$ cat coords.txt   # compact mmCIF, C-alpha atoms
# COMPACT_ATOMS: atom_id res chain seq x y z
CA MET A 1 128.14 160.72 244.63
CA LEU A 2 127.51 157.56 242.64
CA ALA A 3 130.00 154.74 242.19
CA ARG A 4 130.83 155.65 238.57
CA GLU A 5 131.49 159.29 239.51
CA ALA A 6 133.86 158.06 242.22
CA GLY A 7 135.83 156.02 239.68
CA LEU A 8 134.69 152.63 240.99
CA PRO A 9 134.04 149.84 238.47
CA LEU A 10 130.37 149.09 237.87
CA HIS A 11 128.68 146.20 236.09
CA PHE A 12 125.18 146.62 234.62
CA SER A 13 123.52 143.22 234.89
CA HIS A 14 120.78 144.19 232.42
CA GLY A 15 123.32 145.51 229.90
CA ILE A 16 123.84 149.00 228.55
CA PRO A 17 121.89 150.68 225.72
CA ALA A 18 123.26 149.66 222.34
CA LEU A 19 123.12 153.28 221.19
CA ALA A 20 125.61 154.18 223.93
CA THR A 21 128.31 152.17 222.11
CA ARG A 22 130.38 153.05 219.05
CA GLU A 23 128.79 150.20 217.11
CA GLY A 24 125.31 151.37 218.06
CA GLN A 25 126.07 154.87 216.82
CA SER A 26 127.21 153.41 213.50
CA CYS A 27 123.87 151.62 213.17
CA ALA A 28 122.01 154.79 214.14
CA ALA A 29 123.77 156.80 211.43
CA LEU A 30 122.80 154.24 208.81
CA ALA A 31 119.21 153.98 210.08
CA ASP A 32 118.86 157.75 209.96
CA ILE A 33 119.50 157.78 206.20
CA LEU A 34 117.34 154.72 205.52
CA LEU A 35 114.35 156.16 207.37
CA ARG A 36 114.65 159.87 206.55
CA GLY A 37 116.47 159.89 203.23
CA LEU A 38 119.67 161.44 201.96
CA SER A 39 121.03 164.76 203.16
CA GLN A 40 124.52 166.18 203.28
CA GLU A 41 124.50 166.24 207.08
CA ARG A 42 123.45 162.59 207.35
CA VAL A 43 126.02 161.48 204.77
CA ARG A 44 128.82 163.31 206.59
CA LEU A 45 127.73 161.68 209.87
CA LEU A 46 127.62 158.25 208.26
CA LEU A 47 131.11 158.57 206.78
CA ALA A 48 132.43 159.80 210.13
CA ARG A 49 130.93 156.97 212.19
CA VAL A 50 131.07 154.01 209.78
CA PRO A 51 134.64 153.32 208.60
CA PRO A 52 133.63 150.81 205.84
CA ALA A 53 131.39 153.49 204.32
CA ARG A 54 134.41 155.69 203.51
CA GLU A 55 136.58 152.96 201.99
CA ASN A 56 138.22 154.13 198.73
CA ILE A 57 136.66 157.58 199.11
CA PRO A 58 139.23 160.43 198.89
CA LEU A 59 139.71 162.61 201.94
CA ASP A 60 138.80 165.77 200.00
CA TRP A 61 135.50 164.36 198.68
CA ALA A 62 133.52 167.23 200.26
CA LYS A 63 135.79 170.03 199.06
CA GLY A 64 133.77 172.65 197.21
CA LEU A 65 130.39 171.48 198.57
CA ARG A 66 128.38 174.18 200.32
CA ARG A 67 127.44 173.02 203.82
CA SER A 68 124.05 174.69 203.40
CA ALA A 69 123.18 172.46 200.41
CA ALA A 70 120.73 169.77 201.51
CA LEU A 71 121.55 167.28 198.68
CA THR A 72 118.51 165.09 199.27
CA THR A 73 118.68 162.93 196.10
CA PRO A 74 121.44 161.08 194.24
CA ARG A 75 121.03 163.41 191.22
CA LEU A 76 121.58 166.47 193.40
CA TRP A 77 124.72 164.81 194.75
CA GLN A 78 125.94 164.12 191.23
CA HIS A 79 125.34 167.70 190.14
CA ALA A 80 127.06 169.18 193.22
CA LEU A 81 130.08 166.88 192.95
CA GLU A 82 130.47 167.63 189.24
CA ARG A 83 130.46 171.39 189.88
CA ALA A 84 133.12 171.00 192.60
CA ARG A 85 135.27 168.57 190.59
CA ALA A 86 137.96 171.15 189.79
CA LYS A 87 138.56 171.86 193.49
CA ARG A 88 139.41 168.24 194.31
CA ALA A 89 142.84 166.74 193.78
CA ASP A 90 141.56 163.53 192.17
CA GLY A 91 138.99 165.02 189.81
CA ASP A 92 136.00 162.73 189.39
CA PHE A 93 137.33 159.96 191.66
CA ALA A 94 135.01 161.04 194.51
CA GLU A 95 132.02 160.84 192.18
CA ARG A 96 132.94 157.37 190.95
CA THR A 97 133.34 156.00 194.48
CA LEU A 98 130.66 157.90 196.38
CA LEU A 99 127.68 158.09 194.03
CA PRO A 100 127.15 154.32 193.45
CA ARG A 101 126.53 153.93 197.18
CA TRP A 102 123.42 156.14 197.11
CA TRP A 103 121.56 154.74 194.11
CA ASP A 104 120.52 151.55 195.92
CA PHE A 105 120.73 152.96 199.42
CA GLY A 106 117.10 152.39 200.34
CA SER A 107 117.43 148.61 200.40
CA ASP A 108 118.01 146.44 203.46
CA ARG A 109 121.29 145.33 201.87
CA ALA A 110 122.85 148.58 203.08
CA GLY A 111 123.63 147.03 206.46
CA ARG A 112 125.54 144.13 204.95
CA ARG A 113 127.42 146.45 202.59
CA LEU A 114 128.44 149.15 205.07
CA LEU A 115 128.63 147.53 208.52
CA ARG A 116 131.16 145.06 209.88
CA GLY A 117 131.66 142.93 213.00
CA PRO A 118 129.68 143.89 216.15
CA ALA A 119 127.94 146.75 214.33
CA LEU A 120 126.55 144.34 211.72
CA THR A 121 125.47 141.95 214.49
CA LEU A 122 123.55 144.76 216.20
CA TRP A 123 121.95 145.73 212.90
CA GLN A 124 120.79 142.18 212.24
CA ASP A 125 119.46 141.82 215.81
CA ALA A 126 117.45 145.00 215.36
CA LEU A 127 115.98 143.75 212.06
CA ARG A 128 114.95 140.50 213.73
CA MET A 129 113.06 142.44 216.41
CA ALA A 130 110.96 144.48 213.96
CA PRO A 131 110.69 145.38 210.25
CA SER A 132 113.22 147.77 208.76
CA GLN A 133 110.68 150.61 208.94
CA ALA A 134 110.87 150.38 212.76
CA ILE A 135 114.60 149.76 213.08
CA GLU A 136 115.08 153.03 214.96
CA LEU A 137 112.80 151.77 217.76
CA SER A 138 114.55 148.39 217.73
CA LEU A 139 117.97 149.99 218.14
CA ARG A 140 116.68 152.04 221.07
CA ALA A 141 115.41 148.88 222.78
CA LEU A 142 118.58 146.83 222.24
CA ARG A 143 120.98 146.39 225.16
CA VAL A 144 124.47 144.85 225.03
CA ASP A 145 126.83 143.38 227.59
CA ASP A 146 129.13 145.95 229.18
CA GLY A 147 132.08 143.50 229.22
CA GLN A 148 132.61 143.74 232.99
CA GLU A 149 133.13 140.71 235.24
CA PRO A 150 130.40 140.81 237.92
CA GLY A 151 132.16 138.51 240.39
CA ASN A 152 134.42 141.08 242.02
CA ILE A 153 132.86 144.51 241.31
CA ILE A 154 129.72 146.45 242.17
CA VAL A 155 126.64 145.30 240.26
CA TRP A 156 123.75 147.57 239.24
CA GLY A 157 120.58 145.91 238.06
CA PRO A 158 116.87 145.20 238.57
CA ALA A 159 115.58 143.39 241.64
CA ARG A 160 114.86 140.17 239.76
CA HIS A 161 118.53 139.84 238.79
CA LEU A 162 119.64 140.39 242.37
CA ALA A 163 117.16 137.83 243.67
CA GLY A 164 118.54 135.26 241.23
CA ALA A 165 122.19 135.98 242.08
CA PRO A 166 122.22 137.24 245.70
CA ARG A 167 124.94 139.54 247.01
CA LYS A 168 126.23 139.84 250.54
CA HIS A 169 125.93 143.65 250.67
CA VAL A 170 122.90 145.28 249.06
CA ARG A 171 121.54 148.80 248.65
CA LEU A 172 118.05 149.16 247.23
CA LEU A 173 116.96 152.36 245.50
CA GLY A 174 113.51 153.58 244.57
CA LEU A 175 111.52 151.92 247.33
CA GLU A 176 110.34 155.31 248.56
CA ALA A 177 108.37 155.84 245.37
CA ASN A 178 104.62 155.48 245.73
CA ALA A 179 104.64 153.47 242.50
CA TRP A 180 106.44 150.59 244.28
CA PRO A 181 105.34 147.95 244.74
CA ARG A 182 103.45 148.26 241.52
CA ARG A 183 99.68 148.44 241.70
CA ALA A 184 97.69 145.22 241.63
CA ILE A 185 96.24 144.57 238.19
CA GLU A 186 95.24 140.92 238.52
CA ASP A 187 91.90 140.22 236.87
CA PRO A 188 90.92 136.57 237.55
CA LEU A 189 88.93 134.69 234.94
CA LEU A 190 86.76 133.11 237.66
CA SER A 191 84.91 135.19 240.21
CA GLU A 192 85.68 134.70 243.90
CA HIS A 193 82.20 133.36 244.68
CA LEU A 194 82.87 130.54 242.19
CA LEU A 195 86.28 129.69 243.64
CA GLU A 196 84.95 129.69 247.24
CA ASP A 197 87.84 128.37 249.38
CA ILE A 198 90.11 127.56 246.43
CA ARG A 199 93.09 129.92 246.13
CA LEU A 200 95.04 129.86 242.87
CA PRO A 201 98.72 130.93 242.61
CA SER A 202 98.86 134.70 242.23
CA ALA A 203 100.20 136.32 239.06
CA ASP A 204 99.92 139.79 240.57
CA ILE A 205 102.95 142.00 239.86
CA ALA A 206 102.57 143.63 243.30
CA ASP A 207 103.00 140.22 244.96
CA ASP A 208 105.98 139.57 242.70
CA ASP A 209 107.61 142.84 243.79
CA ARG A 210 107.16 141.99 247.47
CA MET A 211 108.52 138.48 246.90
CA MET A 212 111.66 139.88 245.21
CA HIS A 213 112.15 142.24 248.17
CA ASP A 214 111.81 139.41 250.71
CA ILE A 215 114.27 137.18 248.83
CA ILE A 216 116.86 139.95 248.63
CA MET A 217 116.43 140.91 252.29
CA ASN A 218 116.65 137.35 253.59
CA GLN A 219 119.72 136.42 251.53
CA SER A 220 121.84 139.51 252.22
CA ALA A 221 124.04 140.15 255.24
CA ASP A 222 123.97 143.94 254.93
CA TYR A 223 120.68 145.41 253.75
CA THR A 224 120.32 149.16 253.10
CA LEU A 225 117.46 151.25 251.77
CA SER A 226 118.22 154.64 250.25
CA ARG A 227 115.60 157.33 249.90
CA GLY A 228 115.58 160.86 248.59
CA HIS A 229 114.91 163.57 251.16
CA ARG A 230 113.85 166.14 248.55
CA SER A 231 111.20 165.90 245.87
CA ALA A 232 111.68 166.95 242.24
CA THR A 233 110.42 170.43 243.15
CA GLY A 234 112.81 170.79 246.10
CA GLY A 235 110.30 170.20 248.86
CA ASP A 236 110.45 167.60 251.61
CA HIS A 237 110.02 164.09 250.22
CA ASP A 238 107.47 162.01 252.11
CA VAL A 239 108.46 158.46 253.00
CA GLY A 240 106.94 155.97 250.55
CA ARG A 241 104.13 153.69 251.59
CA PHE A 242 106.27 150.56 251.37
CA ILE A 243 108.95 151.90 253.71
CA ARG A 244 106.23 152.95 256.13
CA THR A 245 104.96 149.36 256.01
CA VAL A 246 108.41 147.83 256.58
CA GLY A 247 109.15 150.21 259.43
CA PHE A 248 112.20 152.28 260.29
CA ALA A 249 113.42 149.97 263.04
CA SER A 250 114.25 147.06 260.72
CA THR A 251 116.00 149.02 258.00
CA ASN A 252 119.00 151.28 257.59
CA LEU A 253 117.78 154.37 255.74
CA GLY A 254 120.97 155.84 254.31
CA ALA A 255 121.32 158.84 252.03
CA PRO A 256 122.07 158.06 248.36
CA GLY A 257 125.81 157.67 247.92
CA ILE A 258 128.54 155.29 246.86
CA LEU A 259 127.19 151.78 246.61
CA PRO A 260 128.86 149.45 249.15
CA PRO A 261 131.41 146.88 247.93
CA THR A 262 129.74 143.62 247.01
CA SER A 263 130.72 139.96 247.00
CA ARG A 264 128.99 136.71 246.37
CA ALA A 265 127.02 135.37 249.31
$ encode --input "coords.txt" --output "structure tokens"
Amino acid sequence: MLAREAGLPLHFSHGIPALATREGQSCAALADILLRGLSQERVRLLLARVPPARENIPLDWAKGLRRSAALTTPRLWQHALERARAKRADGDFAERTLLPRWWDFGSDRAGRRLLRGPALTLWQDALRMAPSQAIELSLRALRVDDGQEPGNIIVWGPARHLAGAPRKHVRLLGLEANAWPRRAIEDPLLSEHLLEDIRLPSADIADDDRMMHDIIMNQSADYTLSRGHRSATGGDHDVGRFIRTVGFASTNLGAPGILPPTSRA
């Protein structure tokens, strides 16, 4: 059982996906319309997730609209709302407040008009990362702070974060995978016969992985490796090549479970 399932607080040092937050979902609803166009389903989702988008719009704006109607253009919206006008309490008020929002909806100004606060900040960050045509990919890549204080709770994060801010008790996951350390991909500009006895600093990611492991191991008081005993197909999981290199005698190979309490070294 993982720490979150056990009810223990957990801090993600590399942040959480922006789309996992309420503000990120607001941005996603707006991006869906900008990229794929109008539809009744997308408009309903936008009004449900973006409070500023439903300002001054009556609660019964959708009364009389068939849910099966796609309504993919502003003119189709106008026609459908006019036909359902008699079924709404405020007559044409829904048309006068809702329709103007769709006529200029394809512009990048939509974010400034419909988003507020943290949601608008996320939207602007995504636009800075890539053009508006790729905003969906930008939103997927964005991560935000989870708001937790890392000083007195369990921290979950990549090895490079742990090496930069060591913890007294550490459990490392994923070292049994044959993809770790990552394969050497260094391709020197100068051939070895030209360098002779000269050895340049390595930029190899495999060396970097091993260095991160050594820093974490040397700076922690309680060092635990966790490995899976079953593969994805249910068979016995072979011990990874790195753990075979380290050796069983120098490590504590525990089963995956609740991460140990942590504190600053």
$ atom_distance --input "coords.txt" --atom1 "CA of Gly111 in chain A" --atom2 "CA of Arg96 in chain A"
20.8 Å
$ closest_residue --input "coords.txt" --among "A:Gln219, A:Glu55, A:Gly234, A:Asp208" --to "Ala165 in chain A" --atoms "only C-alpha atoms"
A:Gln219
$ atom_distance --input "coords.txt" --atom1 "CA of Ala80 in chain A" --atom2 "CA of Leu65 in chain A"
6.7 Å
$ closest_residue --input "coords.txt" --among "A:Leu71, A:Ala110, A:Met217, A:Ala84" --to "Ser132 in chain A" --atoms "all atoms listed in the file"
A:Ala110
$ residues_around --input "coords.txt" --residues "Leu137 in chain A" --least-positions-apart "6" --cutoff "10 Å" --atoms "all atoms listed in the file" --output "list in words"
Ala126, Met129 and Ala130 of chain A
$ closest_residue --input "coords.txt" --among "A:Leu10, A:Ile33, A:Ile16, A:Leu114" --to "Pro51 in chain A" --atoms "only C-alpha atoms"
A:Leu114
$ closest_residue --input "coords.txt" --among "A:Lys63, A:Arg85, A:Arg75, A:Arg22" --to "Val50 in chain A" --atoms "all atoms listed in the file"
A:Arg22
$ closest_residue --input "coords.txt" --among "A:Asp32, A:Asp222, A:Asp90, A:Asp214" --to "Glu136 in chain A" --atoms "only C-alpha atoms"
A:Asp32
$ closest_residue --input "coords.txt" --among "A:Pro58, A:Pro74, A:Gly235, A:Pro52" --to "Leu30 in chain A" --atoms "all atoms listed in the file"
A:Pro52
$ residues_around --input "coords.txt" --residues "Trp156 in chain A" --least-positions-apart "3" --cutoff "7 Å" --atoms "all atoms listed in the file" --output "PyMOL selection string"
chain A and resi 10-13
$ closest_atom_pairs --input "coords.txt" --of "range 14-103 of chain A" --to "range 115-125 of chain A" --cutoff "7 Å" --atoms "all atoms listed in the file" --output "tab-separated table"
residue	atom	partner	partner_atom	distance
A:Glu23	CA	A:Ala119	CA	4.5
A:Gly24	CA	A:Ala119	CA	6.5
A:Ser26	CA	A:Ala119	CA	6.8
A:Cys27	CA	A:Trp123	CA	6.2
A:Pro52	CA	A:Leu115	CA	6.6
$ atom_distance --input "coords.txt" --atom1 "CA of Ala31 in chain A" --atom2 "CA of Leu142 in chain A"
14.1 Å
